[in-house]
Amino acid sequence: MPGNNHPPLRIGLLAVYFGLFDAAMPPEFRRERTAFAEAMRTRLEEFGSVIYPGVVDNDEAGREAGLLFARSDVDVIVFVPTMAAPPSYGWEAIRNLPRVPVVAVGAQELIEVPDDYATEEATRRSLTVGLVMFTNVLVRMGRRFTTLVSSVIGDDLDTVLGDTLRAVHAAATVTKSRLLAIGKPIPGYMDVEVTGEQLVGLGIEVIDVDPPGIAAAFGAVGDGEVSALIGELRDRFEADRVEDQVLARSARLALAMKELCRQNDANAGAVNCHGDALRWNPEVGVTACLGVALCAEAGLPFACTGDIPTAIALTLGKRLAGSALYCELYQVDFPGNWILVANGGEGDPTIRAAGSDVTLLPEDHYMGDHGPGTAVAFELPEGPATLISLSPVDHSDGWVLVGAEGRILDSKHHAMEGPNGMFRFDSGEVAEAYARWCEAGATHHAAVLPGHQGDVLRLTAGMLRITYTAV
């Protein structure tokens with residue numbers, strides 16, 4: 001089960017060196033530059049598993065490094081020049097890995113230029129020259145990349161590396177995703193549709209689960225498993241309003257969804273309750289709200305109404321922020337300058353406010369063949385938050401990620417019988433901000449992330465080669 005046990009980020013370290021100057025430099029020069037590369041390896045190990053082929057000092061070594069990176073299925077290549085070196089060394093390492101993001105790092109060892117700076121010292125500290133030699137080739141070849149310039153002195157380098165590699169990890173989570181699609185989107189819901197070609201562009205695989213497939217998984221869950229989960233839910237959550245038979249059917253569906261994720265090595269998905277897969281499936285006959293909530297809590301985010309693009313957004317958001325709440329933007333409050341974000345009773349309990357209980361409720365607004373499912377309700381924490389929405393853009397064969405930073409003012413609309421919050425855009429008056437949200441290409445589904453995530457979202461979009469629009 002993928003759950004929260006995502007594999008660590010696999011970082012390919014590409015450090016280059018040029019032996020042309022060995023005769024003019026002290027005997028220890030190469031050892032010093034190699035030690036610099038080793039120190040960068042140690043630094044990067046704070047962020048993931050580092051694949052390091054050693055210092056690359058010729059084209060053949062570059063090609064060997066590229067083969068190692070390919071075999072290791074690296075998520076990112078971090079280029080760290082130890083000095084000025086022919087860019088062909090680095091290019092040979094990455095030329096056959098066109099979809100692997102590249103981060104070019106100029107990690108200076110000095111923070112200022114001393115008055116007695118001499119030619120020998122300039123050669124020793126020439127990594128800034130090596131940086132621009134390589135980035136020029138990346139631009140020439142049309143290769144996207146991110147450049148970081150900082151000093152190894154202090155914490156600034158670790159901060160920018162951390163933010164950048166967090167974005168890389170989110171992008172890698174997306175491009176290596178396997179999503180379940182339990183039911184097709186509601187007919188006519190064009191804004192949540194996606195084609196196979198558009199998914200291939202992001203590297204995503206979708207496994208369709210038809211009505212007989214979910215029915216079989218539902219029926220295969222053991223009664224003992226269901227009883228154990230019911231006991232756990234009644235211990236953890238406020239569940240007095242849900243009858244045993246209602247909770248049992250929802251618990252069985254939740255367990256079936258998790259098992260399907262395990263069997264298919266899926267890390268996320270989408271369900272459409274409003275069709276023959278769930279509500280009107282004679283074997284299942286209820287909504288999947290509880291299943292969506294429990295899967296999200298376990299690190300397996302699901303969108304509703306068959307919305308695969310929003311499932312991808314939730315996957316990205318969960319990786320970046322730790323929590324991601326599926327929602328819609330329901331109603332503008334003009335006097336208060338906020339908009340209500342809420343959903344129909346499904347959500348990620350990890351985002352709830354401290355001290356907020358999770359309440360289980362019968363989902364009697366959307367009855368199925370076997371009556372109500374089980375919905376979840378909880379309050380969102382007040383404070384900084386970010387809205388995101390993801391959509392393919394048909395006319396350009398691309399994608400757009402829309403993000404809006406703001407804050408949750410309160411979470412008090414309990415009659416919604418689901419997670420909800422009052423979101424205020426940081427960018428200005430609510431009506432104008434929501435108009436820009438629409439114009440940017442957001443769908444009618446979104447995700448709420450805790451904290452302000454705009455900068456790292458922009459980086460992530462760059463890694464995915466898609467457009468980011470801030471609202």
# chains A, B, ... in the order shown; residues from 1 in each chain; ligands from 1

call {"tool": "residues_around", "arguments": {"residues": "Ser177 of chain A", "least_positions_apart": "5", "cutoff": "7 Å", "atoms": "only C-alpha atoms", "output": "PyMOL selection string"}}
result
chain A and resi 204-205+267

call {"tool": "residues_around", "arguments": {"residues": "Arg63 of chain A", "least_positions_apart": "2", "cutoff": "12 Å", "atoms": "only C-alpha atoms", "output": "ChimeraX atom specification"}}
result
/A:14,53,56-61,65-70,88-97

call {"tool": "select_by_dssp", "arguments": {"residues": "segment 11-114 of chain A", "states": "strand (DSSP E or B)", "output": "PyMOL selection string"}}
result
chain A and resi 11-16+49-51+56+76-81+102-108

call {"tool": "write_last_selection", "arguments": {"atoms": "N, CA and C atoms", "output": "compact mmCIF listing (two decimals), in the first residue's frame"}}
result
# COMPACT_ATOMS: atom_id res chain seq x y z
N ILE A 11 17.99 11.46 -6.11
CA ILE A 11 18.72 12.63 -6.59
C ILE A 11 20.00 12.18 -7.28
N GLY A 12 20.14 12.49 -8.55
CA GLY A 12 21.39 12.23 -9.26
C GLY A 12 22.31 13.43 -9.12
N LEU A 13 23.48 13.25 -8.52
CA LEU A 13 24.44 14.33 -8.34
C LEU A 13 25.44 14.30 -9.49
N LEU A 14 25.50 15.39 -10.24
CA LEU A 14 26.39 15.52 -11.39
C LEU A 14 27.41 16.62 -11.09
N ALA A 15 28.61 16.22 -10.66
CA ALA A 15 29.68 17.16 -10.33
C ALA A 15 30.79 17.03 -11.36
N VAL A 16 31.19 18.16 -11.96
CA VAL A 16 32.18 18.11 -13.04
C VAL A 16 33.49 18.77 -12.61
N SER A 49 17.67 10.20 -1.43
CA SER A 49 18.71 9.21 -1.71
C SER A 49 19.55 9.72 -2.88
N VAL A 50 20.86 9.83 -2.67
CA VAL A 50 21.74 10.44 -3.68
C VAL A 50 22.45 9.35 -4.48
N ILE A 51 22.34 9.46 -5.79
CA ILE A 51 23.07 8.58 -6.71
C ILE A 51 24.22 9.40 -7.27
N VAL A 56 32.85 13.83 -12.57
CA VAL A 56 32.87 13.61 -14.02
C VAL A 56 33.89 14.56 -14.64
N VAL A 76 15.57 13.58 -10.28
CA VAL A 76 16.15 14.89 -10.60
C VAL A 76 17.65 14.71 -10.74
N ILE A 77 18.25 15.54 -11.58
CA ILE A 77 19.71 15.62 -11.67
C ILE A 77 20.13 16.99 -11.17
N VAL A 78 20.95 17.00 -10.14
CA VAL A 78 21.47 18.24 -9.58
C VAL A 78 22.89 18.43 -10.11
N PHE A 79 23.06 19.43 -10.94
CA PHE A 79 24.37 19.74 -11.53
C PHE A 79 25.11 20.68 -10.60
N VAL A 80 26.28 20.24 -10.12
CA VAL A 80 27.08 21.03 -9.20
C VAL A 80 28.51 21.10 -9.75
N PRO A 81 28.86 22.15 -10.48
CA PRO A 81 30.24 22.24 -10.96
C PRO A 81 31.19 22.49 -9.80
N VAL A 102 16.33 19.13 -14.27
CA VAL A 102 17.71 19.49 -13.97
C VAL A 102 17.71 20.73 -13.07
N VAL A 103 18.47 20.66 -11.99
CA VAL A 103 18.68 21.81 -11.12
C VAL A 103 20.17 22.13 -11.16
N ALA A 104 20.52 23.31 -11.64
CA ALA A 104 21.92 23.73 -11.74
C ALA A 104 22.24 24.61 -10.54
N VAL A 105 23.26 24.21 -9.78
CA VAL A 105 23.55 24.86 -8.50
C VAL A 105 24.93 25.51 -8.54
N GLY A 106 24.97 26.80 -8.29
CA GLY A 106 26.22 27.51 -8.08
C GLY A 106 26.40 27.72 -6.58
N ALA A 107 27.17 26.84 -5.96
CA ALA A 107 27.32 26.84 -4.49
C ALA A 107 28.68 27.44 -4.14
N GLN A 108 28.74 28.76 -4.08
CA GLN A 108 30.00 29.44 -3.80
C GLN A 108 30.52 29.11 -2.41

call {"tool": "atom_distance", "arguments": {"atom1": "atom CA of Ile182 of chain A", "atom2": "atom CA of Gly441 of chain A"}}
result
25.2 Å
